[in-house]
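Peer 1: Attaching a single structure in structure tokens format; questions to follow.
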4 protein chains.
Amino acid sequence: MANTTKTKAVRGTGAREASAQATRDNILKAATRIFARYGYDGGSIEKISSLAKSHDRMIYYYFGSKEQLFIAVLEGIYQRMDEAEAKAPVRADPIEALTALIRFKVAYYRRHPEFVTLLNTENLHKGRHVAKSAKAREFSSNALDLIADILRRGEAQGCFRPGLRPRDVYLLIVSTSYFFTSNRFTLSAFLGEPLDGPGALEEWADFVVDCVLRALRAQD
Amino acid sequence: MANTTKTKAVRGTGAREASAQATRDNILKAATRIFARYGYDGGSIEKISSLAKSHDRMIYYYFGSKEQLFIAVLEGIYQRMDEAEAKAPVRADPIEALTALIRFKVAYYRRHPEFVTLLNTENLHKGRHVAKSAKAREFSSNALDLIADILRRGEAQGCFRPGLRPRDVYLLIVSTSYFFTSNRFTLSAFLGEPLDGPGALEEWADFVVDCVLRALRAQD
Amino acid sequence: MANTTKTKAVRGTGAREASAQATRDNILKAATRIFARYGYDGGSIEKISSLAKSHDRMIYYYFGSKEQLFIAVLEGIYQRMDEAEAKAPVRADPIEALTALIRFKVAYYRRHPEFVTLLNTENLHKGRHVAKSAKAREFSSNALDLIADILRRGEAQGCFRPGLRPRDVYLLIVSTSYFFTSNRFTLSAFLGEPLDGPGALEEWADFVVDCVLRALRAQD
Amino acid sequence: MANTTKTKAVRGTGAREASAQATRDNILKAATRIFARYGYDGGSIEKISSLAKSHDRMIYYYFGSKEQLFIAVLEGIYQRMDEAEAKAPVRADPIEALTALIRFKVAYYRRHPEFVTLLNTENLHKGRHVAKSAKAREFSSNALDLIADILRRGEAQGCFRPGLRPRDVYLLIVSTSYFFTSNRFTLSAFLGEPLDGPGALEEWADFVVDCVLRALRAQD
DNA sequence: CATGAATGAGCTTTCATTCAT
DNA sequence: CATGAATGAAAGCTCATTCAT
């Protein structure tokens with residue numbers, strides 16, 4: 001069920017299949033790290049196979065091509081993001097729920113910088129690979145649905161103003177969360193102040209929570 | 001005046017110097033486009049030299065190495081951004097000034113996607129090149145100073161709440177402006193809705209202006 | 001047994017392994033000739049691969065780098081020299097043994113000019129590559145041991161004077177043997193007389209034998 | 001008189017001519033060092049011009065080509081060797097004269113390793129450049145004449161055996177002197193003992209003097 | 001199932017040299 | 001006299017990929 005890559009899946013439960021699955025997983029994990037660090041062009045097949053302690057040939061055996069491997073990597077990070085989001089506890093109170101969501105996002109991107117660099121890489125390539133992935137499009141609804149639900153309940157309770165579109169609120173939260181990690185290196189140079197020092201992330205999360213709640217709350 | 005690259009500058013005003021300057025400029029312009037489209041690793045010297053209608057060798061003649069060329073490209077886009085910002089008219093009214101600034105930022109990134117992809121590329125490389133550039137660090141103060149000034153005046157007039165740090169407001173504006181363009185491809189796939197269609201950018205700018213003003217305004 | 005290069009060895013005895021071994025050997029043989037003729041810098045990878053009827057890429061596949069290939073070449077010529085020396089019959093009589101050794105050395109360098117030019121090339125590089133080779137240091141003892149043995153026996157028989165250091169005698173023999181081949185081109189121009197003509201080598205060997213024996217013989 | 005290179009000589013005594021001469025000399029000096037260190041192929045025009053603090057173009061202006069520059073370098077070292085030899089005091093006593101000559105040779109090569117590596121480089125190229133030089137052939141007679149004279153006087157005095165050919169004695173002395181410096185790096189690795197340590201050269205000179213005198217002296 | 005061997009195009013960079021004042 | 005600008009070939013090396021068991 002987890003193996004739906006077009007090129008090659010590992011079926012069955014025998015010992016041989018298990019080791020084959022391990023090989024495949026090692027490659028995928030290595031590819032995620034290498035592509036995240038070096039980008040698509042900078043991440044060579046050889047770097048990946050040697051980090052995975054496997055052989056170039058195995059990458060083609062399991063994934064068919066560099067491009068399909070990259071697609072599998074993207075699917076993987078999207079899926080893990082989705083799972084992490086699903087696991088996060090949902091608060092009853094709309095304001096608390098939104099606060100928790102923002103803090104989760106800010107923290108997730110910082111703890112998973114590979115997600116950030118891989119998405120940037122994919123955007124550099126104008127979304128070419130996501131477009132070819134059937135799986136990648138499945139993961140969108142959850143986050144938006146969650147926000148839609150929070151907004152609906154908040155509006156009903158009178159704490160959020162009406163007319164807010166879930167998509168806009170989603171983008172507002174994600175952009176502020178993502179950018180702080182995504183651009184931390186150029187920002188650090190530009191601002192002359194390190195953004196990955198201790199406390200900096202929490203301060204930023206506090207500020208974003210404060211601003212978003214002010215921006216959404218119902219007029220007095 | 002524009003030629004402060006360490007490796008080779010073009011001096012004088014003769015015909016030969018002018019054509020040399022043209023060669024250098026062509027290379028720099030071509031490099032900006034190629035690096036923006038293909039990233040650092042994907043942007044090959046050959047792609048650049050052929051777009052510049054010059055020769056590989058000339059890149060090394062004028063810039064010394066691929067890395068130094070990339071640094072020159074970064075310096076160029078930072079400088080142009082800075083100049084554009086400086087040229088934008090400053091409004092007297094703090095709210096109008098902030099609104100104008102947000103709209104300027106949202107529009108600038110979309111009209112200069114090369115700025116966005118080059119910065120992302122640089123962040124993929126952990127800011128390695130910016131760190132090596134003496135010029136790149138000069139361009140930070142203007143934007144922050146402008147925001148500081150707007151906040152100060154707004155606070156004095158009672159329309160902005162006190163205690164706001166210019167850096168935070170800067171990041172709030174830039175993240176929302178930048179991200180919308182930076183991640184438009186993955187977002188379009190994710191949201192199932194194109195973000196570069198007509199009107200989408202203006203709608204987003206409106207939403208951001210609205211949210212930021214609400215987030216900053218003084219409590220009634 | 002012959003494959004102890006760090007980067008890639010060819011194992012097994014199947015048909016594929018045999019052809020792989022042949023590829024490796026061809027490259028090594030070609031590299032020996034090319035480096036001997038053109039030196040390290042003048043000996044290009046392309047010259048080598050095309051002489052070996054292989055591809056540039058294969059050199060890196062089997063040897064890793066130009067430098068490591070050169071090290072393998074040096075190891076090869078040292079080893080063959082060592083083997084040839086070991087194969088030469090050892091005479092019982094010390095004077096005959098020394099005579100034979102000198103004639104062997106004089107002849108070997110002339111018949112293996114690649115040994116000479118490769119060693120000169122390595123000295124131009126200040127012994128950089130030999131220093132990186134583990135194997136190269138194994139080949140020293142034989143020659144010195146042989147000379148030590150001859151001197152000991154000669155001294156015991158009263159035909160060689162006492163107090164002679166094997167190292168000095170070794171250097172005396174090798175320098176006179178080596179130099180005659182090593183510098184034959186500049187010497188020919190300098191002396192206005194070809195040193196590689198017929199008979200010239202034998203005359204020189206005679207002279208060296210005569211001188212060395214006189215230099216070493218016990219005082220009457 | 002010193003400037004007889006075919007391509008370009010600097011005539012006259014004006015200030016401009018003097019500075020031109022200085023440029024030429026700088027290039028020649030730099031070329032000597034670079035070719036001696038890196039060989040002919042490894043010694044690039046750019047390395048030379050930058051060490052000479054001049055421009056690539058000037059090398060072509062003064063010397064015409066890389067090959068002709070190398071020829072000029074060879075001529076220079078031969079000439080300086082010749083001059084040094086001529087300056088050495090000639091002893092009346094044949095044995096003392098020969099001893100002094102050997103010590104001079106051993107010391108000269110060690111103090112002028114560039115002479116050694118340049119000659120080795122030239123031999124790698126099969127004497128191609130020396131063959132093209134008119135000057136290089138002028139420098140041979142002195143050394144041989146000196147040895148011939150010493151041998152003649154020694155023979156007359158009964159201290160050297162008759163029948164010795166100056167050329168052979170010359171080669172005997174030069175090979176032992178030259179080789180000790182020429183191959184010091186591979187020898188050091190091979191013998192497991194540094195040949196450029198303090199005292200090693202003097203010991204070697206002593207040994208060679210001793211051996212050569214024994215080899216040449218008249219039978220008792 | 002798995003893997004060593006092979007491939008040819010491409011990479012960044014440096015080469016010796018000439019052009020045009 | 002002198003020099004910046006330009007050139008095209010070639011350097012060492014890495015690339016993604018396929019072949020042949």
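Order determines the names: the first chain of the structure tokens is A, the second B, and so forth; residues in each chain are numbered 1 upward, and ligands are numbered 1 upward as they are shown.
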Applying 8 Å and only C-alpha atoms (C1' of nucleotides), which residues near region 3-17 of chain E remain after dropping the ones on its own chain fewer than 6 positions away? List them as a list in words.
Peer 2: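 Within the cut-off, the hits are His55 and Arg57 of chain A; Ser44, Ile45 and Lys66 of chain B; Ala20 and Met58 of chain C; Ser44, Ile45 and Lys66 of chain D; DA10, DA11, DC13, DT14, DC15, DT18 and DC19 of chain F.
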Peer 1: Output C-alpha atoms (C1' of nucleotides) of each residue in that selection to a file, as an mmCIF file, in the first residue's frame.
Peer 2:
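Result saved to result01.cif:
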data_model
loop_
_atom_site.group_PDB
_atom_site.id
_atom_site.type_symbol
_atom_site.label_atom_id
_atom_site.label_comp_id
_atom_site.auth_asym_id
_atom_site.auth_seq_id
_atom_site.Cartn_x
_atom_site.Cartn_y
_atom_site.Cartn_z
ATOM 1 C CA HIS A 55 24.819 0.955 -6.399
ATOM 2 C CA ARG A 57 22.213 0.500 -10.920
ATOM 3 C CA SER B 44 26.005 25.769 -17.046
ATOM 4 C CA ILE B 45 28.756 28.054 -18.208
ATOM 5 C CA LYS B 66 31.403 30.282 -11.921
ATOM 6 C CA ALA C 20 37.653 -6.402 -17.428
ATOM 7 C CA MET C 58 37.188 3.831 -17.753
ATOM 8 C CA SER D 44 52.080 27.552 -18.265
ATOM 9 C CA ILE D 45 52.538 30.924 -19.886
ATOM 10 C CA LYS D 66 56.592 29.060 -25.453
ATOM 11 C "C1'" DA F 10 41.737 20.738 -24.975
ATOM 12 C "C1'" DA F 11 42.395 19.655 -20.199
ATOM 13 C "C1'" DC F 13 36.706 14.894 -14.439
ATOM 14 C "C1'" DT F 14 31.500 13.733 -13.523
ATOM 15 C "C1'" DC F 15 27.074 13.041 -15.449
ATOM 16 C "C1'" DT F 18 22.489 1.054 -20.466
ATOM 17 C "C1'" DC F 19 24.770 -3.473 -21.397
#
Peer 1: Could you pull out the helix (DSSP H, G or I) residues of chain D from DSSP and send them as a PyMOL selection string?
Peer 2: chain D and resi 15-42+45-51+56-63+66-87+94-111+113-124+128-132+135-139+141-157+166-182+184-191+200-216
Peer 1: Could you please select, counting only C-alpha atoms, the residues of chain C within 7 Å of chain D and state them as an mmCIF file with N, CA and C atoms, in the first residue's frame?
Peer 2:
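What landed in result_38.cif:
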data_model
loop_
_atom_site.group_PDB
_atom_site.id
_atom_site.type_symbol
_atom_site.label_atom_id
_atom_site.label_comp_id
_atom_site.auth_asym_id
_atom_site.auth_seq_id
_atom_site.Cartn_x
_atom_site.Cartn_y
_atom_site.Cartn_z
ATOM 1 N N ARG C 37 56.555 8.888 -22.256
ATOM 2 C CA ARG C 37 56.921 9.694 -23.406
ATOM 3 C C ARG C 37 56.662 11.178 -23.197
ATOM 4 N N ASP C 41 52.306 15.860 -16.930
ATOM 5 C CA ASP C 41 51.400 16.899 -17.436
ATOM 6 C C ASP C 41 51.141 16.744 -18.929
ATOM 7 N N GLY C 42 52.176 16.370 -19.646
ATOM 8 C CA GLY C 42 52.022 16.187 -21.077
ATOM 9 C C GLY C 42 51.238 14.932 -21.439
ATOM 10 N N THR C 117 62.532 7.775 -17.696
ATOM 11 C CA THR C 117 61.767 9.021 -17.822
ATOM 12 C C THR C 117 60.678 9.115 -16.762
ATOM 13 N N ASN C 120 62.374 10.223 -13.628
ATOM 14 C CA ASN C 120 62.699 11.648 -13.729
ATOM 15 C C ASN C 120 61.449 12.500 -13.538
ATOM 16 N N ASN C 123 60.643 12.644 -9.980
ATOM 17 C CA ASN C 123 61.531 13.554 -9.251
ATOM 18 C C ASN C 123 61.207 15.013 -9.526
ATOM 19 N N LEU C 124 60.747 15.279 -10.750
ATOM 20 C CA LEU C 124 60.289 16.638 -11.043
ATOM 21 C C LEU C 124 59.164 17.007 -10.081
ATOM 22 N N LYS C 126 58.915 16.002 -7.129
ATOM 23 C CA LYS C 126 59.461 15.883 -5.773
ATOM 24 C C LYS C 126 59.019 14.616 -5.044
ATOM 25 N N GLY C 127 58.800 13.562 -5.806
ATOM 26 C CA GLY C 127 58.461 12.285 -5.181
ATOM 27 C C GLY C 127 57.078 12.225 -4.565
ATOM 28 N N ARG C 137 57.519 1.265 -1.567
ATOM 29 C CA ARG C 137 58.608 1.182 -0.607
ATOM 30 C C ARG C 137 59.087 -0.252 -0.352
ATOM 31 N N SER C 140 62.911 -1.825 -2.176
ATOM 32 C CA SER C 140 64.258 -1.298 -2.013
ATOM 33 C C SER C 140 65.273 -2.347 -1.556
ATOM 34 N N LEU C 172 76.804 4.480 -6.600
ATOM 35 C CA LEU C 172 77.870 4.614 -7.594
ATOM 36 C C LEU C 172 77.505 3.885 -8.884
ATOM 37 N N SER C 175 74.057 5.457 -10.444
ATOM 38 C CA SER C 175 74.203 6.777 -11.049
ATOM 39 C C SER C 175 74.886 6.686 -12.410
ATOM 40 N N THR C 176 75.964 5.929 -12.476
ATOM 41 C CA THR C 176 76.691 5.814 -13.753
ATOM 42 C C THR C 176 75.870 5.077 -14.811
ATOM 43 N N PHE C 179 72.454 7.556 -15.563
ATOM 44 C CA PHE C 179 72.719 8.847 -16.190
ATOM 45 C C PHE C 179 73.023 8.718 -17.677
ATOM 46 N N ASN C 183 70.297 11.022 -19.559
ATOM 47 C CA ASN C 183 70.680 12.310 -20.156
ATOM 48 C C ASN C 183 71.291 12.162 -21.546
ATOM 49 N N PHE C 185 70.239 12.537 -24.487
ATOM 50 C CA PHE C 185 69.944 13.529 -25.519
ATOM 51 C C PHE C 185 70.741 14.820 -25.322
ATOM 52 N N THR C 186 70.712 15.357 -24.115
ATOM 53 C CA THR C 186 71.492 16.574 -23.896
ATOM 54 C C THR C 186 72.984 16.278 -23.969
ATOM 55 N N ALA C 189 74.105 16.189 -27.612
ATOM 56 C CA ALA C 189 74.264 17.538 -28.156
ATOM 57 C C ALA C 189 75.508 18.200 -27.577
ATOM 58 N N PHE C 190 75.679 17.997 -26.281
ATOM 59 C CA PHE C 190 76.770 18.649 -25.571
ATOM 60 C C PHE C 190 78.125 18.112 -26.029
ATOM 61 N N LEU C 191 78.189 16.805 -26.136
ATOM 62 C CA LEU C 191 79.464 16.183 -26.519
ATOM 63 C C LEU C 191 79.662 16.137 -28.026
ATOM 64 N N CYS C 211 86.261 0.944 -13.766
ATOM 65 C CA CYS C 211 86.440 1.962 -12.733
ATOM 66 C C CYS C 211 85.940 1.486 -11.375
ATOM 67 N N VAL C 212 84.760 0.887 -11.366
ATOM 68 C CA VAL C 212 84.198 0.461 -10.083
ATOM 69 C C VAL C 212 85.084 -0.588 -9.436
ATOM 70 N N ARG C 214 88.256 -1.029 -9.840
ATOM 71 C CA ARG C 214 89.456 -0.338 -9.348
ATOM 72 C C ARG C 214 89.145 0.436 -8.064
ATOM 73 N N ALA C 215 87.979 1.039 -8.054
ATOM 74 C CA ALA C 215 87.642 1.871 -6.898
ATOM 75 C C ALA C 215 87.407 1.051 -5.641
#
Peer 1: Work out how far apart CA of Leu101 (chain D) and CA of Arg161 (chain D) are and give it in Å to one decimal.
Peer 2: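 Result for CA of Leu101 (chain D) versus CA of Arg161 (chain D): 18.4 Å, one decimal.
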Peer 1: Any idea what the distance is between CA of Leu201 (chain C) and CA of Cys159 (chain D)?
Peer 2: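 Pair CA of Leu201 (chain C) / CA of Cys159 (chain D) returns 28.0 Å.
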